[in-house]
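Shown next: model.pdb, given as PDB, C-alpha atoms and all ligand atoms.
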ATOM      1  CA  MET A  26      16.461  88.335 -19.464
ATOM      2  CA  LEU A  27      18.884  89.226 -22.208
ATOM      3  CA  ASP A  28      21.317  92.130 -22.085
ATOM      4  CA  TYR A  29      20.172  93.364 -25.485
ATOM      5  CA  GLN A  30      21.685  96.792 -24.969
ATOM      6  CA  ASN A  31      25.266  95.682 -24.415
ATOM      7  CA  ARG A  32      25.817  92.125 -25.476
ATOM      8  CA  LEU A  33      23.952  91.681 -28.760
ATOM      9  CA  GLU A  34      24.854  92.818 -32.250
ATOM     10  CA  ASN A  35      22.714  94.451 -34.939
ATOM     11  CA  VAL A  36      20.040  95.363 -32.412
ATOM     12  CA  LYS A  37      16.769  96.798 -33.716
ATOM     13  CA  ILE A  38      14.027  97.818 -31.300
ATOM     14  CA  ARG A  39      10.352  98.367 -32.139
ATOM     15  CA  GLY A  40       8.296  98.912 -29.019
ATOM     16  CA  ASN A  41       8.905  95.900 -26.861
ATOM     17  CA  LYS A  42      10.202  93.824 -29.737
ATOM     18  CA  VAL A  43      13.896  93.438 -30.295
ATOM     19  CA  THR A  44      15.611  91.699 -33.186
ATOM     20  CA  ALA A  45      19.325  91.109 -33.272
ATOM     21  CA  ALA A  46      22.035  88.777 -34.481
ATOM     22  CA  CYS A  47      21.836  85.392 -32.823
ATOM     23  CA  PRO A  48      25.112  84.919 -30.921
ATOM     24  CA  ALA A  49      24.704  81.143 -30.996
ATOM     25  CA  CYS A  50      24.263  81.087 -34.780
ATOM     26  CA  ARG A  51      27.100  83.546 -35.297
ATOM     27  CA  ALA A  52      29.407  81.422 -33.176
ATOM     28  CA  ALA A  53      28.697  78.644 -35.675
ATOM     29  CA  GLY A  54      29.396  80.932 -38.618
ATOM     30  CA  ARG A  55      25.753  81.516 -39.542
ATOM     31  CA  ASP A  56      23.280  84.412 -39.343
ATOM     32  CA  LYS A  57      25.502  86.677 -41.439
ATOM     33  CA  LYS A  58      22.626  89.161 -41.798
ATOM     34  CA  GLY A  59      22.216  89.332 -38.039
ATOM     35  CA  VAL A  60      18.448  88.886 -37.850
ATOM     36  CA  HIS A  61      17.855  85.502 -36.198
ATOM     37  CA  LEU A  62      17.345  86.550 -32.599
ATOM     38  CA  TYR A  63      14.043  87.857 -31.278
ATOM     39  CA  TYR A  64      13.470  89.154 -27.788
ATOM     40  CA  ASN A  65      10.480  90.709 -26.042
ATOM     41  CA  ILE A  66      11.481  93.308 -23.467
ATOM     42  CA  ALA A  67       8.184  93.077 -21.581
ATOM     43  CA  THR A  68       7.849  89.293 -21.326
ATOM     44  CA  GLU A  69      11.602  88.550 -21.511
ATOM     45  CA  GLN A  70      10.854  85.740 -23.964
ATOM     46  CA  TYR A  71      13.454  85.105 -26.597
ATOM     47  CA  GLY A  72      14.482  82.643 -29.251
ATOM     48  CA  CYS A  73      16.152  82.105 -32.578
ATOM     49  CA  VAL A  74      14.050  82.024 -35.746
ATOM     50  CA  ALA A  75      16.396  79.414 -37.233
ATOM     51  CA  HIS A  76      16.198  77.134 -34.182
ATOM     52  CA  GLN A  77      12.606  77.249 -32.948
ATOM     53  CA  GLY A  78      12.055  75.078 -29.900
ATOM     54  CA  ASP A  79      15.719  74.158 -29.647
ATOM     55  CA  HIS A  80      16.430  74.247 -25.920
ATOM     56  CA  ALA A  81      20.190  73.804 -26.212
ATOM     57  CA  HIS A  82      20.367  76.654 -28.704
ATOM     58  CA  ARG A  83      18.500  78.937 -26.321
ATOM     59  CA  GLN A  84      20.872  77.990 -23.557
ATOM     60  CA  THR A  85      23.773  78.946 -25.788
ATOM     61  CA  ILE A  86      22.138  82.304 -26.500
ATOM     62  CA  PHE A  87      21.710  82.838 -22.782
ATOM     63  CA  SER A  88      25.336  81.985 -22.132
ATOM     64  CA  TYR A  89      26.318  84.808 -24.494
ATOM     65  CA  ALA A  90      23.837  87.485 -23.539
ATOM     66  CA  GLY A  91      21.795  86.354 -20.565
ATOM     67  CA  ILE A  92      21.477  88.137 -17.258
ATOM     68  CA  VAL A  93      20.382  86.263 -14.165
ATOM     69  CA  THR A  94      18.034  88.492 -12.204
ATOM     70  CA  GLU A  95      16.530  88.185  -8.779
ATOM     71  CA  PRO A  96      12.719  88.097  -8.931
ATOM     72  CA  THR A  97      11.248  91.438  -7.895
ATOM     73  CA  GLU A  98       9.188  91.763  -4.729
ATOM     74  CA  GLU A  99       6.134  92.070  -6.968
ATOM     75  CA  GLN A 100       6.913  88.812  -8.770
ATOM     76  CA  ARG A 101       7.529  87.063  -5.478
ATOM     77  CA  GLN A 102       4.208  88.251  -4.107
ATOM     78  CA  GLU A 103       2.385  87.205  -7.246
ATOM     79  CA  TRP A 104       4.006  83.776  -7.090
ATOM     80  CA  LYS A 105       3.032  83.365  -3.449
ATOM     81  CA  GLU A 106      -0.567  84.309  -4.140
ATOM     82  CA  ARG A 107      -0.768  81.901  -7.052
ATOM     83  CA  LYS A 108       0.594  79.102  -4.845
ATOM     84  CA  GLU A 109      -1.910  79.932  -2.155
ATOM     85  CA  GLN A 110      -4.783  79.877  -4.649
ATOM     86  CA  GLU A 111      -3.625  76.526  -5.993
ATOM     87  CA  ARG A 112      -3.449  75.166  -2.489
ATOM     88  CA  LYS A 113      -6.981  76.368  -1.706
ATOM     89  CA  ARG A 114      -8.357  74.922  -4.922
ATOM     90  CA  GLU A 115      -6.699  71.607  -4.170
ATOM     91  CA  ALA A 116      -8.076  71.566  -0.626
ATOM     92  CA  LEU A 117     -11.577  72.286  -1.948
ATOM     93  CA  ARG A 118     -11.277  69.515  -4.482
ATOM     94  CA  LEU A 119     -10.188  67.076  -1.793
ATOM     95  CA  LEU A 120     -12.987  68.226   0.486
ATOM     96  CA  ALA A 121     -15.571  67.645  -2.219
ATOM     97  CA  ALA A 122     -14.214  64.189  -2.963
ATOM     98  CA  ALA A 123     -14.218  63.324   0.704
ATOM     99  CA  ASP A 124     -17.819  64.419   1.235
ATOM    100  CA  GLU A 125     -19.033  61.365  -0.628
ATOM    101  CA  ARG A 126     -17.268  59.078   1.754
ATOM    102  CA  LYS A 127     -18.388  60.795   4.923
ATOM    103  CA  ALA A 128     -21.307  58.504   5.469
ATOM    104  CA  MET A 129     -18.970  55.570   5.629
ATOM    105  CA  ALA A 130     -16.232  57.193   7.655
ATOM    106  CA  LYS A 131     -17.775  57.415  11.086
ATOM    107  CA  MET A 132     -14.769  59.103  12.551
ATOM    108  CA  PRO A 133     -14.870  61.687  15.302
ATOM    109  CA  GLU A 134     -15.706  65.167  14.139
ATOM    110  CA  VAL A 135     -12.364  66.689  15.037
ATOM    111  CA  LEU A 136     -10.469  64.128  12.967
ATOM    112  CA  ASP A 137     -12.924  64.547  10.165
ATOM    113  CA  ARG A 138     -12.256  68.274  10.069
ATOM    114  CA  ILE A 139      -8.502  67.885  10.192
ATOM    115  CA  LEU A 140      -7.953  64.914   7.936
ATOM    116  CA  THR A 141     -10.633  65.275   5.302
ATOM    117  CA  PRO A 142      -8.631  67.713   3.158
ATOM    118  CA  TYR A 143      -5.809  65.186   3.082
ATOM    119  CA  ILE A 144      -7.803  62.140   2.040
ATOM    120  CA  ILE A 145      -6.905  60.737  -1.339
ATOM    121  CA  GLU A 146      -8.781  57.840  -2.870
ATOM    122  CA  ASP A 147      -5.671  56.489  -4.599
ATOM    123  CA  TRP A 148      -3.431  57.029  -1.589
ATOM    124  CA  TYR A 149      -1.594  53.756  -2.202
ATOM    125  CA  LEU A 150      -0.637  54.600  -5.768
ATOM    126  CA  GLU A 151       0.225  58.139  -4.830
ATOM    127  CA  LEU A 152       2.651  57.047  -2.116
ATOM    128  CA  LEU A 153       4.247  54.534  -4.486
ATOM    129  CA  ASP A 154       4.471  57.205  -7.116
ATOM    130  CA  GLN A 155       6.051  59.744  -4.779
ATOM    131  CA  SER A 156       8.547  57.288  -3.337
ATOM    132  CA  PRO A 157      12.077  58.545  -4.095
ATOM    133  CA  ILE A 158      13.204  54.923  -4.343
ATOM    134  CA  ARG A 159      11.495  52.607  -6.803
ATOM    135  CA  PHE A 160      11.329  49.027  -5.667
ATOM    136  CA  ARG A 161      11.696  46.102  -7.971
ATOM    137  CA  ASP A 162      11.664  42.589  -6.543
ATOM    138  CA  ASN A 163      10.179  41.785  -3.195
ATOM    139  CA  GLU A 164      13.034  39.538  -2.174
ATOM    140  CA  SER A 165      15.484  42.330  -1.477
ATOM    141  CA  LEU A 166      13.140  44.854   0.098
ATOM    142  CA  ARG A 167      14.257  44.150   3.660
ATOM    143  CA  HIS A 168      17.836  44.697   2.584
ATOM    144  CA  GLU A 169      16.830  47.851   0.752
ATOM    145  CA  PHE A 170      15.008  49.114   3.838
ATOM    146  CA  ILE A 171      17.942  48.844   6.261
ATOM    147  CA  LEU A 172      20.484  49.848   3.631
ATOM    148  CA  ARG A 173      18.644  53.118   2.975
ATOM    149  CA  LEU A 174      17.761  54.030   6.546
ATOM    150  CA  PHE A 175      20.798  53.029   8.602
ATOM    151  CA  TYR A 176      24.533  53.559   8.486
ATOM    152  CA  SER A 177      26.692  50.494   7.920
ATOM    153  CA  ASP A 178      28.123  50.434  11.457
ATOM    154  CA  ASP A 179      24.744  50.982  13.165
ATOM    155  CA  ILE A 180      23.948  48.017  15.417
ATOM    156  CA  LEU A 181      20.407  46.838  14.664
ATOM    157  CA  TRP A 182      18.092  44.325  16.263
ATOM    158  CA  LEU A 183      16.354  42.045  13.784
ATOM    159  CA  GLY A 184      14.344  38.999  14.756
ATOM    160  CA  ASN A 185      11.578  36.670  13.686
ATOM    161  CA  ARG A 186       9.874  36.669  17.071
ATOM    162  CA  ARG A 187       9.256  39.394  19.615
ATOM    163  CA  ARG A 188      11.036  37.346  22.255
ATOM    164  CA  ASP A 189      14.304  37.050  20.293
ATOM    165  CA  SER A 190      15.906  39.177  22.967
ATOM    166  CA  GLY A 191      17.254  39.032  26.493
ATOM    167  CA  SER A 192      19.597  36.057  26.743
ATOM    168  CA  PRO A 193      23.201  35.532  25.592
ATOM    169  CA  ARG A 194      22.106  33.448  22.600
ATOM    170  CA  HIS A 195      20.332  36.548  21.291
ATOM    171  CA  ALA A 196      23.619  38.288  20.678
ATOM    172  CA  ALA A 197      23.158  37.040  17.091
ATOM    173  CA  ASN A 198      20.093  39.254  16.777
ATOM    174  CA  PHE A 199      22.272  42.325  17.243
ATOM    175  CA  ARG A 200      24.538  42.970  14.266
ATOM    176  CA  THR A 201      25.797  45.939  12.370
ATOM    177  CA  CYS A 202      23.769  46.973   9.369
ATOM    178  CA  ALA A 203      26.700  45.899   7.163
ATOM    179  CA  ASP A 204      26.698  42.412   8.709
ATOM    180  CA  TRP A 205      22.942  42.039   8.309
ATOM    181  CA  LEU A 206      23.251  43.017   4.668
ATOM    182  CA  LYS A 207      25.606  40.080   4.082
ATOM    183  CA  LEU A 208      22.811  37.616   4.884
ATOM    184  CA  ALA A 209      20.753  36.359   1.949
ATOM    185  CA  LYS A 210      17.557  36.298   4.014
ATOM    186  CA  LEU A 211      16.770  38.705   6.813
ATOM    187  CA  PRO A 212      14.440  38.201   9.801
ATOM    188  CA  GLN A 213      11.022  39.759   9.485
ATOM    189  CA  MET A 214      11.071  42.344  12.253
ATOM    190  CA  ILE A 215      13.312  45.240  13.228
ATOM    191  CA  ALA A 216      13.532  47.575  16.204
ATOM    192  CA  GLY A 217      13.593  51.211  15.137
ATOM    193  CA  GLY A 218      16.659  52.272  17.104
ATOM    194  CA  VAL A 219      20.415  51.760  17.004
ATOM    195  CA  PHE A 220      21.812  49.655  19.865
ATOM    196  CA  CYS A 221      24.935  49.850  21.995
ATOM    197  CA  LYS A 222      27.799  47.530  21.244
ATOM    198  CA  GLY A 223      27.465  44.168  22.998
ATOM    199  CA  SER A 224      23.669  44.366  23.474
ATOM    200  CA  ILE A 225      21.756  41.115  23.900
ATOM    201  CA  SER A 226      18.468  42.731  24.858
ATOM    202  CA  ARG A 227      16.432  45.312  22.982
ATOM    203  CA  GLY A 228      15.395  46.973  26.235
ATOM    204  CA  GLY A 229      15.354  50.766  26.238
ATOM    205  CA  ASP A 230      18.579  50.984  28.260
ATOM    206  CA  HIS A 231      20.506  49.422  25.415
ATOM    207  CA  VAL A 232      19.364  51.882  22.781
ATOM    208  CA  ASP A 233      22.178  54.147  21.684
ATOM    209  CA  LEU A 234      20.386  56.279  19.118
ATOM    210  CA  SER A 235      16.828  56.713  18.002
ATOM    211  CA  PRO A 236      16.902  58.415  14.628
ATOM    212  CA  TYR A 237      13.253  57.763  13.748
ATOM    213  CA  ILE A 238       9.754  57.852  15.116
ATOM    214  CA  VAL A 239       7.002  55.553  13.880
ATOM    215  CA  ILE A 240       3.371  56.547  13.676
ATOM    216  CA  GLU A 241       0.658  53.909  13.595
ATOM    217  CA  CYS A 242      -3.102  54.279  14.054
ATOM    218  CA  ASP A 243      -5.157  51.185  14.596
ATOM    219  CA  GLN A 244      -8.452  52.950  15.195
ATOM    220  CA  LEU A 245      -8.548  56.126  13.156
ATOM    221  CA  ILE A 246     -12.091  55.311  12.068
ATOM    222  CA  GLY A 247     -13.171  55.655  15.690
ATOM    223  CA  HIS A 248     -13.296  51.994  16.590
ATOM    224  CA  GLU A 249     -11.517  48.729  15.911
ATOM    225  CA  PRO A 250     -11.784  48.055  12.159
ATOM    226  CA  THR A 251     -13.133  44.576  11.475
ATOM    227  CA  THR A 252     -14.590  44.370   7.977
ATOM    228  CA  PRO A 253     -12.352  44.688   4.879
ATOM    229  CA  ALA A 254     -14.041  48.024   4.089
ATOM    230  CA  GLU A 255     -13.306  49.369   7.566
ATOM    231  CA  LYS A 256      -9.696  48.211   7.394
ATOM    232  CA  ALA A 257      -9.320  49.879   4.007
ATOM    233  CA  GLN A 258     -10.837  53.072   5.387
ATOM    234  CA  ASN A 259      -8.516  52.990   8.401
ATOM    235  CA  LYS A 260      -5.528  52.812   6.059
ATOM    236  CA  ARG A 261      -6.913  55.570   3.858
ATOM    237  CA  LEU A 262      -7.217  57.817   6.914
ATOM    238  CA  SER A 263      -3.739  56.787   8.069
ATOM    239  CA  ALA A 264      -2.386  57.905   4.708
ATOM    240  CA  ALA A 265      -4.207  61.230   5.202
ATOM    241  CA  LEU A 266      -2.627  61.563   8.646
ATOM    242  CA  ILE A 267       0.794  60.956   7.084
ATOM    243  CA  ARG A 268       0.184  63.802   4.650
ATOM    244  CA  TYR A 269      -1.023  65.982   7.512
ATOM    245  CA  CYS A 270       2.143  65.214   9.499
ATOM    246  CA  GLN A 271       4.291  66.160   6.522
ATOM    247  CA  ASP A 272       2.330  69.251   5.604
ATOM    248  CA  VAL A 273       1.370  70.781   8.938
ATOM    249  CA  LEU A 274       3.894  69.359  11.380
ATOM    250  CA  GLY A 275       6.767  69.408   8.886
ATOM    251  CA  LEU A 276       7.834  65.841   9.643
ATOM    252  CA  ILE A 277      10.141  64.208   7.117
ATOM    253  CA  LEU A 278       8.755  60.916   5.869
ATOM    254  CA  ARG A 279      11.242  58.086   5.407
ATOM    255  CA  ALA A 280       9.181  54.967   4.897
ATOM    256  CA  VAL A 281       5.637  53.668   4.822
ATOM    257  CA  ILE A 282       4.860  50.028   5.417
ATOM    258  CA  ASP A 283       1.406  48.546   5.016
ATOM    259  CA  THR A 284       1.391  46.069   7.884
ATOM    260  CA  GLY A 285      -0.815  43.654   5.947
ATOM    261  CA  ASN A 286      -3.833  44.066   8.170
ATOM    262  CA  LYS A 287      -5.528  47.353   9.077
ATOM    263  CA  SER A 288      -2.815  49.942   9.568
ATOM    264  CA  LEU A 289       0.258  51.653   8.160
ATOM    265  CA  HIS A 290       3.610  52.222   9.806
ATOM    266  CA  ALA A 291       4.949  55.627   8.875
ATOM    267  CA  TRP A 292       8.622  56.133   9.666
ATOM    268  CA  PHE A 293       9.620  59.764  10.086
ATOM    269  CA  ASP A 294      12.877  61.473  11.017
ATOM    270  CA  ARG A 295      12.809  62.099  14.753
ATOM    271  CA  PRO A 296      11.746  65.740  15.186
ATOM    272  CA  SER A 297      13.198  68.156  17.735
ATOM    273  CA  GLU A 298      12.386  67.467  21.375
ATOM    274  CA  SER A 299       9.789  70.265  21.540
ATOM    275  CA  ASP A 300       8.101  69.197  18.292
ATOM    276  CA  PHE A 301       8.007  65.638  19.543
ATOM    277  CA  GLU A 302       6.367  66.720  22.798
ATOM    278  CA  ALA A 303       3.746  68.632  20.816
ATOM    279  CA  LEU A 304       3.141  65.538  18.715
ATOM    280  CA  ILE A 305       2.684  63.380  21.809
ATOM    281  CA  LYS A 306       0.090  65.839  23.085
ATOM    282  CA  HIS A 307      -1.762  65.509  19.780
ATOM    283  CA  SER A 308      -1.363  61.772  19.596
ATOM    284  CA  LYS A 309      -4.435  60.942  21.650
ATOM    285  CA  ARG A 310      -6.724  62.931  19.440
ATOM    286  CA  PHE A 311      -5.226  61.268  16.365
ATOM    287  CA  ARG A 312      -5.448  57.886  18.072
ATOM    288  CA  ILE A 313      -1.770  57.349  17.371
ATOM    289  CA  ASP A 314      -0.404  54.220  19.040
ATOM    290  CA  HIS A 315       1.384  55.671  22.056
ATOM    291  CA  GLY A 316       3.644  52.662  22.646
ATOM    292  CA  ILE A 317       5.064  52.708  19.141
ATOM    293  CA  LEU A 318       5.306  56.499  18.992
ATOM    294  CA  THR A 319       7.368  56.713  22.163
ATOM    295  CA  GLY A 320       9.092  53.326  21.946
ATOM    296  CA  CYS A 321       9.717  52.465  18.295
ATOM    297  CA  GLN A 322      13.438  52.321  19.079
ATOM    298  CA  TYR A 323      13.008  49.100  21.067
ATOM    299  CA  SER A 324       9.692  47.786  19.687
ATOM    300  CA  PRO A 325       9.729  44.981  17.106
ATOM    301  CA  LEU A 326       8.324  46.467  13.892
ATOM    302  CA  ARG A 327       7.360  44.663  10.722
ATOM    303  CA  LEU A 328       9.759  44.637   7.819
ATOM    304  CA  PRO A 329       8.502  44.193   4.236
ATOM    305  CA  GLY A 330       7.254  40.653   3.648
ATOM    306  CA  CYS A 331       6.538  39.981   7.327
ATOM    307  CA  ILE A 332       3.378  37.855   7.421
ATOM    308  CA  HIS A 333       0.642  39.294   9.623
ATOM    309  CA  GLU A 334      -0.564  36.630  12.033
ATOM    310  CA  LYS A 335      -4.188  37.799  11.850
ATOM    311  CA  SER A 336      -4.658  38.424   8.148
ATOM    312  CA  ASN A 337      -1.980  36.070   6.784
ATOM    313  CA  GLN A 338      -1.006  38.917   4.466
ATOM    314  CA  PRO A 339       2.570  40.142   4.027
ATOM    315  CA  ALA A 340       3.629  43.618   5.054
ATOM    316  CA  THR A 341       4.447  45.706   2.001
ATOM    317  CA  LEU A 342       6.754  48.633   1.503
ATOM    318  CA  ILE A 343       4.970  51.540  -0.157
ATOM    319  CA  TYR A 344       7.382  54.426   0.242
ATOM    320  CA  LEU A 345      11.103  54.723   0.889
ATOM    321  CA  ASN A 346      13.019  57.973   1.121
ATOM    322  CA  PRO A 347      16.698  57.264   1.775
ATOM    323  CA  THR A 348      18.574  58.812   4.654
ATOM    324  CA  ILE A 349      21.664  57.110   3.330
ATOM    325  CA  SER A 350      21.994  57.605  -0.398
TER
HETATM  326 ZN    ZN B 401      20.406  81.100 -33.648
END

Conversion result in structure tokens:
Amino acid sequence: MLDYQNRLENVKIRGNKVTAACPACRAAGRDKKGVHLYYNIATEQYGCVAHQGDHAHRQTIFSYAGIVTEPTEEQRQEWKERKEQERKREALRLLAAADERKAMAKMPEVLDRILTPYIIEDWYLELLDQSPIRFRDNESLRHEFILRLFYSDDILWLGNRRRDSGSPRHAANFRTCADWLKLAKLPQMIAGGVFCKGSISRGGDHVDLSPYIVIECDQLIGHEPTTPAEKAQNKRLSAALIRYCQDVLGLILRAVIDTGNKSLHAWFDRPSESDFEALIKHSKRFRIDHGILTGCQYSPLRLPGCIHEKSNQPATLIYLNPTIS
């Protein structure tokens, strides 16, 4: 709002309508008559007749006569209600869209009820669109992935095979993030945790820190997906589960990788111990892969471009939200 009573000149009030000299114009030596500014006391809208739609000019006016006010309790309440209505409308819209697909999605009723409001047909594009980091070429995506999620002195396991671990020659698979980044080409798998100095094995004992959890669901549709349509549906439901985890469980999403076959890997910030325990309790119902959920820190996970041995398709990065910016 504007402090029209104290900080404007040539103020004339008719009902809710105020006219006055425009302080921005006057500062530039114009508006000699002092009639450029208009202000509505009820709506708090204001502007300059000589600079309609000029945002910078309005900002200047505000810098001369503006008052920053806290929203009233009434305004807050109104805002909250509007948000809630929007949310309900959106949920209804999603529900309606999902109804059409129900026949195909033979998932258990409980999952249906929980996930249906979160299903989006264009989930892939939406995740890409919401990704805080925009990817360009595929070549550097592995670099981008570790650069954005790990600190430079974090010791990471990367390897091309699951068994690249356990003997002295595998010391080369354990390097700091900074050292990995120096390589032109990176191996295709990573363990989710940070390892102790001198590790040669990615066994759980050697994990120093586990900043992330990874959620994967191979059978969200209720059984092993085999046809392309079932695999697509499994990924669509996985994307819905990701949204559910963000929205209801409050998990912070860091990365989503399409493994190239039938599932997604969703990397989240590791939640508090109690939240994690609650998630583990839920994980059966959601058919979340228990091994990866509890052991991503030492499990080999696909990096972008990793070729899936069953489908021959590369894993693709869909979403990346940097921890390290
Ligand atoms: Zn003006």

Ligand ZN 401 (chain B) neighbours within 7 Å using all atoms listed in the file, as an mmCIF file with C-alpha atoms, in the frame of the given file:
data_model
loop_
_atom_site.group_PDB
_atom_site.id
_atom_site.type_symbol
_atom_site.label_atom_id
_atom_site.label_comp_id
_atom_site.auth_asym_id
_atom_site.auth_seq_id
_atom_site.Cartn_x
_atom_site.Cartn_y
_atom_site.Cartn_z
ATOM 1 C CA CYS A 47 21.836 85.392 -32.823
ATOM 2 C CA PRO A 48 25.112 84.919 -30.921
ATOM 3 C CA ALA A 49 24.704 81.143 -30.996
ATOM 4 C CA CYS A 50 24.263 81.087 -34.780
ATOM 5 C CA HIS A 61 17.855 85.502 -36.198
ATOM 6 C CA LEU A 62 17.345 86.550 -32.599
ATOM 7 C CA CYS A 73 16.152 82.105 -32.578
ATOM 8 C CA VAL A 74 14.050 82.024 -35.746
ATOM 9 C CA ALA A 75 16.396 79.414 -37.233
ATOM 10 C CA HIS A 76 16.198 77.134 -34.182
ATOM 11 C CA HIS A 82 20.367 76.654 -28.704
#

One residue among A:Val93, A:Leu328, A:Leu289, A:Leu211 is nearest to A:Trp148 when using all atoms listed in the file, and that residue is A:Leu289

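With atom CA of A:Phe199 on one side and atom CA of A:His231 on the other, the separation reads 11.0 Å.
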
Nearest candidate to A:Glu241 (options A:Val219, A:Val43, A:Leu318, A:Ile158; using all atoms listed in the file):
A:Leu318

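Once the PyMOL selection byres (((chain A and resi 160) around 12) and not hetatm) is applied to this file, the selection holds A:Leu153, A:Asp154, A:Gln155, A:Ser156, A:Pro157, A:Ile158, A:Arg159, A:Arg161, A:Asp162, A:Asn163, A:Glu164, A:Ser165, A:Leu166, A:Arg167, A:His168, A:Glu169, A:Phe170, A:Pro329, A:Thr341, A:Leu342, A:Ile343, A:Tyr344, A:Leu345, A:Asn346.
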
File of the preceding selection, C-alpha atoms, as a short mmCIF file (atom, residue, chain, number, x, y, z; two decimals), keeping the file's coordinate frame:
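File again38.cif, as written:
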data_model
loop_
_atom_site.label_atom_id
_atom_site.label_comp_id
_atom_site.auth_asym_id
_atom_site.auth_seq_id
_atom_site.Cartn_x
_atom_site.Cartn_y
_atom_site.Cartn_z
CA LEU A 153 4.25 54.53 -4.49
CA ASP A 154 4.47 57.20 -7.12
CA GLN A 155 6.05 59.74 -4.78
CA SER A 156 8.55 57.29 -3.34
CA PRO A 157 12.08 58.54 -4.10
CA ILE A 158 13.20 54.92 -4.34
CA ARG A 159 11.50 52.61 -6.80
CA ARG A 161 11.70 46.10 -7.97
CA ASP A 162 11.66 42.59 -6.54
CA ASN A 163 10.18 41.78 -3.20
CA GLU A 164 13.03 39.54 -2.17
CA SER A 165 15.48 42.33 -1.48
CA LEU A 166 13.14 44.85 0.10
CA ARG A 167 14.26 44.15 3.66
CA HIS A 168 17.84 44.70 2.58
CA GLU A 169 16.83 47.85 0.75
CA PHE A 170 15.01 49.11 3.84
CA PRO A 329 8.50 44.19 4.24
CA THR A 341 4.45 45.71 2.00
CA LEU A 342 6.75 48.63 1.50
CA ILE A 343 4.97 51.54 -0.16
CA TYR A 344 7.38 54.43 0.24
CA LEU A 345 11.10 54.72 0.89
CA ASN A 346 13.02 57.97 1.12
#

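Note that atom CA of A:Val239 and atom CA of A:His315 are 9.9 Å apart.
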
Once the PyMOL selection byres (((chain A and resi 263-275) around 9) and not hetatm) is applied to the coordinates I shared, what remains selected? I want it as JSON, numbers by chain.
{"A": [139, 140, 141, 142, 143, 144, 145, 148, 149, 152, 240, 241, 242, 243, 245, 258, 259, 260, 261, 262, 276, 277, 278, 288, 289, 290, 291, 296, 300, 304, 311]}

Calculated over all atoms listed in the file, which of the candidates A:Arg310, A:Gly91, A:Leu181, A:Asp147 has the smallest distance to A:Leu119?
A:Asp147

Test item: the PyMOL selection byres (((chain A and resi 64) around 8) and not hetatm) resolved as a ChimeraX atom specification
/A:27,42-44,62-63,65-66,69-72

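Comparing the minimum interatomic distances between A:Ile180 and each of A:Trp205, A:Phe301, A:Tyr237, A:Tyr323, counting only C-alpha atoms, we find that A:Trp205 sits nearest.
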
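Ranking A:Ser299, A:Asp314, A:Ser88, A:Trp182 by their shortest atom-to-atom distance to A:Ala197, with all atoms listed in the file included, puts A:Trp182 first.
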
Nearest residue to A:Pro193 out of A:Ala340, A:Ala116, A:Ile225, A:Ala45, using all atoms listed in the file?
A:Ile225

For a test of reading the model, state the distance in Å between atom CA of A:Pro347 and atom CA of A:Ile215, rounded to one decimal.
16.9 Å

Please provide as a ChimeraX atom specification all residues within 10 Å of A:Ile92, with the sequence filter that same-chain residues fewer than 3 positions apart are discarded (counting all atoms listed in the file).
/A:26-29,87-89,95

Give the padded box for stretch 262-280 of chain A as lines of an AutoDock Vina configuration file: axis-aligned, covering all atoms listed in the file, 8 Å on each side, centre and edge lengths in Å to one decimal.
center_x = 2.0
center_y = 62.9
center_z = 8.0
size_x = 34.5
size_y = 31.8
size_z = 22.7
